[in-house]
Amino acid sequence: MKAMNDVRVRFAPSPTGYLHIGGVRTALFNWLFARHHRGQFILRIEDTDQSRSTDEAIRAILDGLSWVGLDWDEGPYRQTERLDLYRQHAMTLFEQRQAYWCVCTAEELEARRKEAQARGLPQKYDGRCRDRQITNPGGEAALRFKAPQAGETVVEDLIKGQVVFENSLLDDLIILRSNGFPTYNFSVVVDDALMGISHVIRGDDHLTNTPRQIPIFHALGHAVPQFGHLPMILGTDKARLSKRHGATSILAYKEMGYLPEAMVNYLARLGWSHGDQEIFTGQELIEKFSLDHVQKSSAVFNPEKLLWVNAEHIKSSEPSRVAALLRPFLDQAGLGAEARTKPAGWLEQLVILFRERARTLAEMATAAKPYVKDELAFDEKAVKKLLTPAIVPALTKLTDRLAGVPDFSQAELEKVFKRLVEEEGMKMGQLAQPVRVALTGGTASPGLFEVMVLLGRERTLARLKKGIALAGRSTPS
RNA sequence: GUCCCCAUCGUCUAGCCUGGCCUAGGACGCCGGCCUUUCAAGCCGGCAACACGGGUUCAAAUCCCGUUGGGGACGCCA
């Protein structure tokens, strides 16, 4: 982790909805960049559109970031708390004749825009108020920035490389709305300047905003930060990720049973790579992250791979941690109360049995049901096929012997079981499957002896007896 | 319409900057096998890509140009 002198980056979401996957990815890359360079990660809420911003959305952003473990060093700043700052700087630009009052109404502008679009002309403000020298507008007026119209603006993007824009195409942006609120392109620049942001790392949907913002940095007399534009994340249909592609709020993934570190791992690998490595711990990500290996092209979000990454993290996490994270899912599956009656360490044992069989915590909770609950739901087909009268003698013998096993351990149980199978001249599977149905209700489960230990002697015997009863009752074919 | 970005298996990507080691590597998924008390996991194997066309060069996935395709931006949204 080389310290680049005073790296200061920021994540600047607008609180107009939930925090989605793309936002988290942008936040993550900023955070990794900051942590890698031992710099500062700043959180700034861009809420200058007071009609669309909500406190609820701010809450969701904070909760989402916290869940994935992206902690910030400064903030959250709120732009609505800094309005005076923007106004001051806007007026300074006005006094320096770098900005001017525009009295065109929103309706007029909209009409002209439509007109231009229809005639195939560039949709750009025609600059009709530019030289009107309005010093004290009576009614409603917006302040526009006088954008340079000659030469070109060159962006040395850390990810895309050099990008050149023709200044003659630049619009005179409104920097202060007629209601006194600053617009995005102005407040970002003022804040990035005042907050000493060294690197602006954001989605490449902002690439064309960059040549509009650079002249404002110049006008404000501030050094221009470095830029890095990240490729977008697309849905399976190659369109921008949206609600149509399923759960997009990052918190929805928490509810589906993903581990935050898996989410971070997957998102980091979406657009960034480190050779052939797929699985990373948080620490490795910080050590290895670099903008040099960020992809230039957009990436398609692949839920299947996310599932695999999650499974990998479930397998490698401490069982106790997984157990703790599993609790809310047990509650949700209606197993919480019973799970809490189990002895200490029981849930960890359950996790050890299911961590290589479940890809999410939700799946694990579902799979846990037959072990947590006392009553068993039987798979009718399995019962009919495997719990037959013919198996009753062997099942009975097994039950008797298990009752007498002094040490109810896996090794011991296996010994007893195998001896019986041999004595009866059976194959392992001939006895194992009926026993499995009796113990779990179905034909698929972890290893039998692990299951028995998890259930404990008492429940194992009770279930075997129930199985024998069921087998004796079924009609011989 | 104008401007900008992008282009390696279905998907995520390595390789591209510093051409030859690439009959293009890894991963997810899919298919087959092994292991096995079932299901998983694990292991082994298979299918599958340099968008197209020109050029430069002894040699191009790698450099240049064009085409096509995809994405983004053009708001008193951010």
# chains A, B, ... in the order shown; residues from 1 in each chain; ligands from 1
call {"tool": "interface_residues", "arguments": {"of": "chain B", "to": "chain A", "cutoff": "6 Å", "atoms": "only C-alpha atoms (C1' of nucleotides)", "output": "ChimeraX atom specification"}}
result
/B:1-2,6,14,26,28,37-41,72-73,76
call {"tool": "residues_around", "arguments": {"residues": "Asp6 of chain A", "least_positions_apart": "3", "cutoff": "10 Å", "atoms": "only C-alpha atoms (C1' of nucleotides)", "output": "number ranges by chain"}}
result
A: 3, 9, 34, 37-40, 196-198
call {"tool": "atom_distance", "arguments": {"atom1": "atom CA of Val322 of chain A", "atom2": "atom CA of Phe289 of chain A"}}
result
26.6 Å
call {"tool": "atom_distance", "arguments": {"atom1": "atom CA of Arg463 of chain A", "atom2": "atom CA of Leu439 of chain A"}}
result
5.6 Å
call {"tool": "residues_around", "arguments": {"residues": "Ile352 of chain A", "least_positions_apart": "6", "cutoff": "12 Å", "atoms": "only C-alpha atoms (C1' of nucleotides)", "output": "number ranges by chain"}}
result
A: 314-323, 345-346, 358, 364, 368, 446-447, 450-451, 454; B: 41
call {"tool": "select_by_dssp", "arguments": {"residues": "segment 15-142 of chain A", "states": "strand (DSSP E)", "output": "list in words"}}
result
Gln40, Phe41, Ile42, Leu43, Arg44, Ile45, Glu74, Gly75, Pro76, Tyr77, Arg78, Ala99, Tyr100, Trp101, Cys102 and Ala142 of chain A
call {"tool": "closest_residue", "arguments": {"among": "A:Ala219, A:Ala469, A:Leu259, A:Leu326", "to": "Gln98 of chain A", "atoms": "only C-alpha atoms"}}
result
A:Ala219
call {"tool": "residues_around", "arguments": {"residues": "segment 61-71 of chain A", "least_positions_apart": "5", "cutoff": "7 Å", "atoms": "only C-alpha atoms (C1' of nucleotides)", "output": "list in words"}}
result
Tyr18, Leu19, Leu28, Trp31, Ile250, Leu251, Pro260, Glu261 and Val264 of chain A
call {"tool": "write_last_selection", "arguments": {"atoms": "all heavy atoms", "output": "PDB file, in the first residue's frame"}}
result
ATOM      1  N   TYR A  18     -33.132   3.938  -3.489  1.00  0.00           N
ATOM      2  CA  TYR A  18     -32.270   3.036  -2.719  1.00  0.00           C
ATOM      3  C   TYR A  18     -30.854   3.037  -3.294  1.00  0.00           C
ATOM      4  O   TYR A  18     -30.599   3.538  -4.389  1.00  0.00           O
ATOM      5  CB  TYR A  18     -32.828   1.622  -2.749  1.00  0.00           C
ATOM      6  CG  TYR A  18     -33.343   1.202  -4.102  1.00  0.00           C
ATOM      7  CD1 TYR A  18     -32.473   1.040  -5.170  1.00  0.00           C
ATOM      8  CD2 TYR A  18     -34.708   0.990  -4.320  1.00  0.00           C
ATOM      9  CE1 TYR A  18     -32.926   0.666  -6.417  1.00  0.00           C
ATOM     10  CE2 TYR A  18     -35.177   0.619  -5.573  1.00  0.00           C
ATOM     11  CZ  TYR A  18     -34.281   0.459  -6.610  1.00  0.00           C
ATOM     12  OH  TYR A  18     -34.726   0.098  -7.845  1.00  0.00           O
ATOM     13  N   LEU A  19     -29.946   2.478  -2.547  1.00  0.00           N
ATOM     14  CA  LEU A  19     -28.564   2.354  -3.008  1.00  0.00           C
ATOM     15  C   LEU A  19     -28.493   1.083  -3.843  1.00  0.00           C
ATOM     16  O   LEU A  19     -28.733  -0.006  -3.344  1.00  0.00           O
ATOM     17  CB  LEU A  19     -27.626   2.261  -1.806  1.00  0.00           C
ATOM     18  CG  LEU A  19     -26.137   2.102  -2.096  1.00  0.00           C
ATOM     19  CD1 LEU A  19     -25.601   3.306  -2.858  1.00  0.00           C
ATOM     20  CD2 LEU A  19     -25.373   1.889  -0.800  1.00  0.00           C
ATOM     21  N   LEU A  28     -17.300   1.313  -3.718  1.00  0.00           N
ATOM     22  CA  LEU A  28     -16.260   0.330  -3.406  1.00  0.00           C
ATOM     23  C   LEU A  28     -14.927   0.686  -4.058  1.00  0.00           C
ATOM     24  O   LEU A  28     -13.877   0.631  -3.420  1.00  0.00           O
ATOM     25  CB  LEU A  28     -16.714  -1.059  -3.866  1.00  0.00           C
ATOM     26  CG  LEU A  28     -15.685  -2.184  -3.753  1.00  0.00           C
ATOM     27  CD1 LEU A  28     -15.301  -2.425  -2.298  1.00  0.00           C
ATOM     28  CD2 LEU A  28     -16.216  -3.465  -4.388  1.00  0.00           C
ATOM     29  N   TRP A  31     -13.422   3.542  -2.293  1.00  0.00           N
ATOM     30  CA  TRP A  31     -12.983   3.117  -0.969  1.00  0.00           C
ATOM     31  C   TRP A  31     -11.683   2.312  -1.057  1.00  0.00           C
ATOM     32  O   TRP A  31     -10.741   2.538  -0.302  1.00  0.00           O
ATOM     33  CB  TRP A  31     -14.098   2.289  -0.328  1.00  0.00           C
ATOM     34  CG  TRP A  31     -13.858   1.851   1.077  1.00  0.00           C
ATOM     35  CD1 TRP A  31     -14.102   2.561   2.215  1.00  0.00           C
ATOM     36  CD2 TRP A  31     -13.348   0.578   1.489  1.00  0.00           C
ATOM     37  NE1 TRP A  31     -13.767   1.807   3.323  1.00  0.00           N
ATOM     38  CE2 TRP A  31     -13.296   0.589   2.913  1.00  0.00           C
ATOM     39  CE3 TRP A  31     -12.916  -0.569   0.824  1.00  0.00           C
ATOM     40  CZ2 TRP A  31     -12.845  -0.501   3.657  1.00  0.00           C
ATOM     41  CZ3 TRP A  31     -12.461  -1.656   1.562  1.00  0.00           C
ATOM     42  CH2 TRP A  31     -12.434  -1.612   2.971  1.00  0.00           C
ATOM     43  N   ILE A 250     -29.025  -2.775  -2.694  1.00  0.00           N
ATOM     44  CA  ILE A 250     -27.970  -3.617  -2.118  1.00  0.00           C
ATOM     45  C   ILE A 250     -28.484  -4.371  -0.899  1.00  0.00           C
ATOM     46  O   ILE A 250     -28.114  -5.522  -0.658  1.00  0.00           O
ATOM     47  CB  ILE A 250     -26.729  -2.762  -1.764  1.00  0.00           C
ATOM     48  CG1 ILE A 250     -25.543  -3.654  -1.401  1.00  0.00           C
ATOM     49  CG2 ILE A 250     -27.005  -1.779  -0.646  1.00  0.00           C
ATOM     50  CD1 ILE A 250     -24.983  -4.444  -2.561  1.00  0.00           C
ATOM     51  N   LEU A 251     -29.385  -3.741  -0.160  1.00  0.00           N
ATOM     52  CA  LEU A 251     -29.928  -4.380   1.038  1.00  0.00           C
ATOM     53  C   LEU A 251     -30.781  -5.608   0.704  1.00  0.00           C
ATOM     54  O   LEU A 251     -30.944  -6.507   1.526  1.00  0.00           O
ATOM     55  CB  LEU A 251     -30.744  -3.364   1.840  1.00  0.00           C
ATOM     56  CG  LEU A 251     -30.087  -2.675   3.048  1.00  0.00           C
ATOM     57  CD1 LEU A 251     -28.626  -3.005   3.245  1.00  0.00           C
ATOM     58  CD2 LEU A 251     -30.328  -1.192   3.042  1.00  0.00           C
ATOM     59  N   PRO A 260     -21.782  -9.988   3.092  1.00  0.00           N
ATOM     60  CA  PRO A 260     -21.270  -8.714   2.574  1.00  0.00           C
ATOM     61  C   PRO A 260     -19.907  -8.860   1.901  1.00  0.00           C
ATOM     62  O   PRO A 260     -19.652  -8.235   0.866  1.00  0.00           O
ATOM     63  CB  PRO A 260     -21.200  -7.821   3.812  1.00  0.00           C
ATOM     64  CG  PRO A 260     -21.344  -8.725   4.984  1.00  0.00           C
ATOM     65  CD  PRO A 260     -22.100  -9.918   4.517  1.00  0.00           C
ATOM     66  N   GLU A 261     -19.050  -9.701   2.440  1.00  0.00           N
ATOM     67  CA  GLU A 261     -17.719  -9.847   1.842  1.00  0.00           C
ATOM     68  C   GLU A 261     -17.792 -10.525   0.475  1.00  0.00           C
ATOM     69  O   GLU A 261     -16.939 -10.304  -0.389  1.00  0.00           O
ATOM     70  CB  GLU A 261     -16.762 -10.594   2.775  1.00  0.00           C
ATOM     71  CG  GLU A 261     -17.197 -11.983   3.195  1.00  0.00           C
ATOM     72  CD  GLU A 261     -17.981 -11.989   4.501  1.00  0.00           C
ATOM     73  OE1 GLU A 261     -18.752 -11.028   4.754  1.00  0.00           O
ATOM     74  OE2 GLU A 261     -17.845 -12.970   5.259  1.00  0.00           O
ATOM     75  N   VAL A 264     -18.888  -7.781  -1.933  1.00  0.00           N
ATOM     76  CA  VAL A 264     -17.735  -6.921  -2.205  1.00  0.00           C
ATOM     77  C   VAL A 264     -16.778  -7.623  -3.177  1.00  0.00           C
ATOM     78  O   VAL A 264     -16.305  -7.032  -4.147  1.00  0.00           O
ATOM     79  CB  VAL A 264     -17.013  -6.574  -0.879  1.00  0.00           C
ATOM     80  CG1 VAL A 264     -15.608  -6.068  -1.135  1.00  0.00           C
ATOM     81  CG2 VAL A 264     -17.821  -5.524  -0.117  1.00  0.00           C
TER      82      VAL A 264
END
call {"tool": "residues_around", "arguments": {"residues": "G10 of chain B", "least_positions_apart": "4", "cutoff": "10 Å", "atoms": "only C-alpha atoms (C1' of nucleotides)", "output": "PyMOL selection string"}}
result
chain B and resi 29-30+48
call {"tool": "write_last_selection", "arguments": {"atoms": "C-alpha atoms (C1' of nucleotides)", "output": "mmCIF file, in the first residue's frame"}}
result
data_model
loop_
_atom_site.group_PDB
_atom_site.id
_atom_site.type_symbol
_atom_site.label_atom_id
_atom_site.label_comp_id
_atom_site.auth_asym_id
_atom_site.auth_seq_id
_atom_site.Cartn_x
_atom_site.Cartn_y
_atom_site.Cartn_z
ATOM 1 C "C1'" G B 29 -22.598 -21.721 -16.037
ATOM 2 C "C1'" C B 30 -23.433 -26.130 -19.116
ATOM 3 C "C1'" A B 48 -17.067 -22.476 -26.277
#
call {"tool": "residues_around", "arguments": {"residues": "C50 of chain B", "least_positions_apart": "3", "cutoff": "8 Å", "atoms": "only C-alpha atoms (C1' of nucleotides)", "output": "short mmCIF file (atom, residue, chain, number, x, y, z; two decimals) with N, CA, C and O atoms (P, O5', C5', C4', C3', O3' and C1' of nucleotides), in the first residue's frame"}}
result
data_model
loop_
_atom_site.label_atom_id
_atom_site.label_comp_id
_atom_site.auth_asym_id
_atom_site.auth_seq_id
_atom_site.Cartn_x
_atom_site.Cartn_y
_atom_site.Cartn_z
P U B 8 -14.89 -7.77 -25.99
"O5'" U B 8 -14.18 -9.15 -26.32
"C5'" U B 8 -13.87 -9.45 -27.69
"C4'" U B 8 -13.09 -10.72 -27.70
"C3'" U B 8 -13.67 -11.82 -26.82
"O3'" U B 8 -14.68 -12.52 -27.52
"C1'" U B 8 -11.35 -11.64 -26.41
P A B 24 -5.64 -21.87 -29.32
"O5'" A B 24 -4.95 -20.55 -28.75
"C5'" A B 24 -4.06 -20.60 -27.64
"C4'" A B 24 -4.35 -19.44 -26.73
"C3'" A B 24 -5.65 -19.57 -25.94
"O3'" A B 24 -5.45 -20.28 -24.74
"C1'" A B 24 -5.59 -17.47 -26.98
P A B 61 -3.42 -12.42 -34.64
"O5'" A B 61 -4.29 -11.59 -33.59
"C5'" A B 61 -5.68 -11.46 -33.75
"C4'" A B 61 -6.23 -10.62 -32.62
"C3'" A B 61 -5.42 -9.36 -32.32
"O3'" A B 61 -5.89 -8.29 -33.10
"C1'" A B 61 -5.77 -10.59 -30.32
#
call {"tool": "atom_distance", "arguments": {"atom1": "atom C1' of U62 of chain B", "atom2": "atom CA of Val294 of chain A"}}
result
18.2 Å
call {"tool": "select_by_dssp", "arguments": {"residues": "segment 51-247 of chain A", "states": "helix (DSSP H, G or I)", "output": "ChimeraX atom specification"}}
result
/A:55-67,79-81,83-95,106-118,167-169,184-194,204-219,243-245
call {"tool": "closest_residue", "arguments": {"among": "A:Val405, A:Leu267, A:Ile201, A:Ala438", "to": "Gly22 of chain A", "atoms": "only C-alpha atoms"}}
result
A:Leu267
call {"tool": "residues_around", "arguments": {"residues": "U56 of chain B", "least_positions_apart": "5", "cutoff": "12 Å", "atoms": "only C-alpha atoms (C1' of nucleotides)", "output": "VMD selection string"}}
result
chain B and resid 19 63 to 65
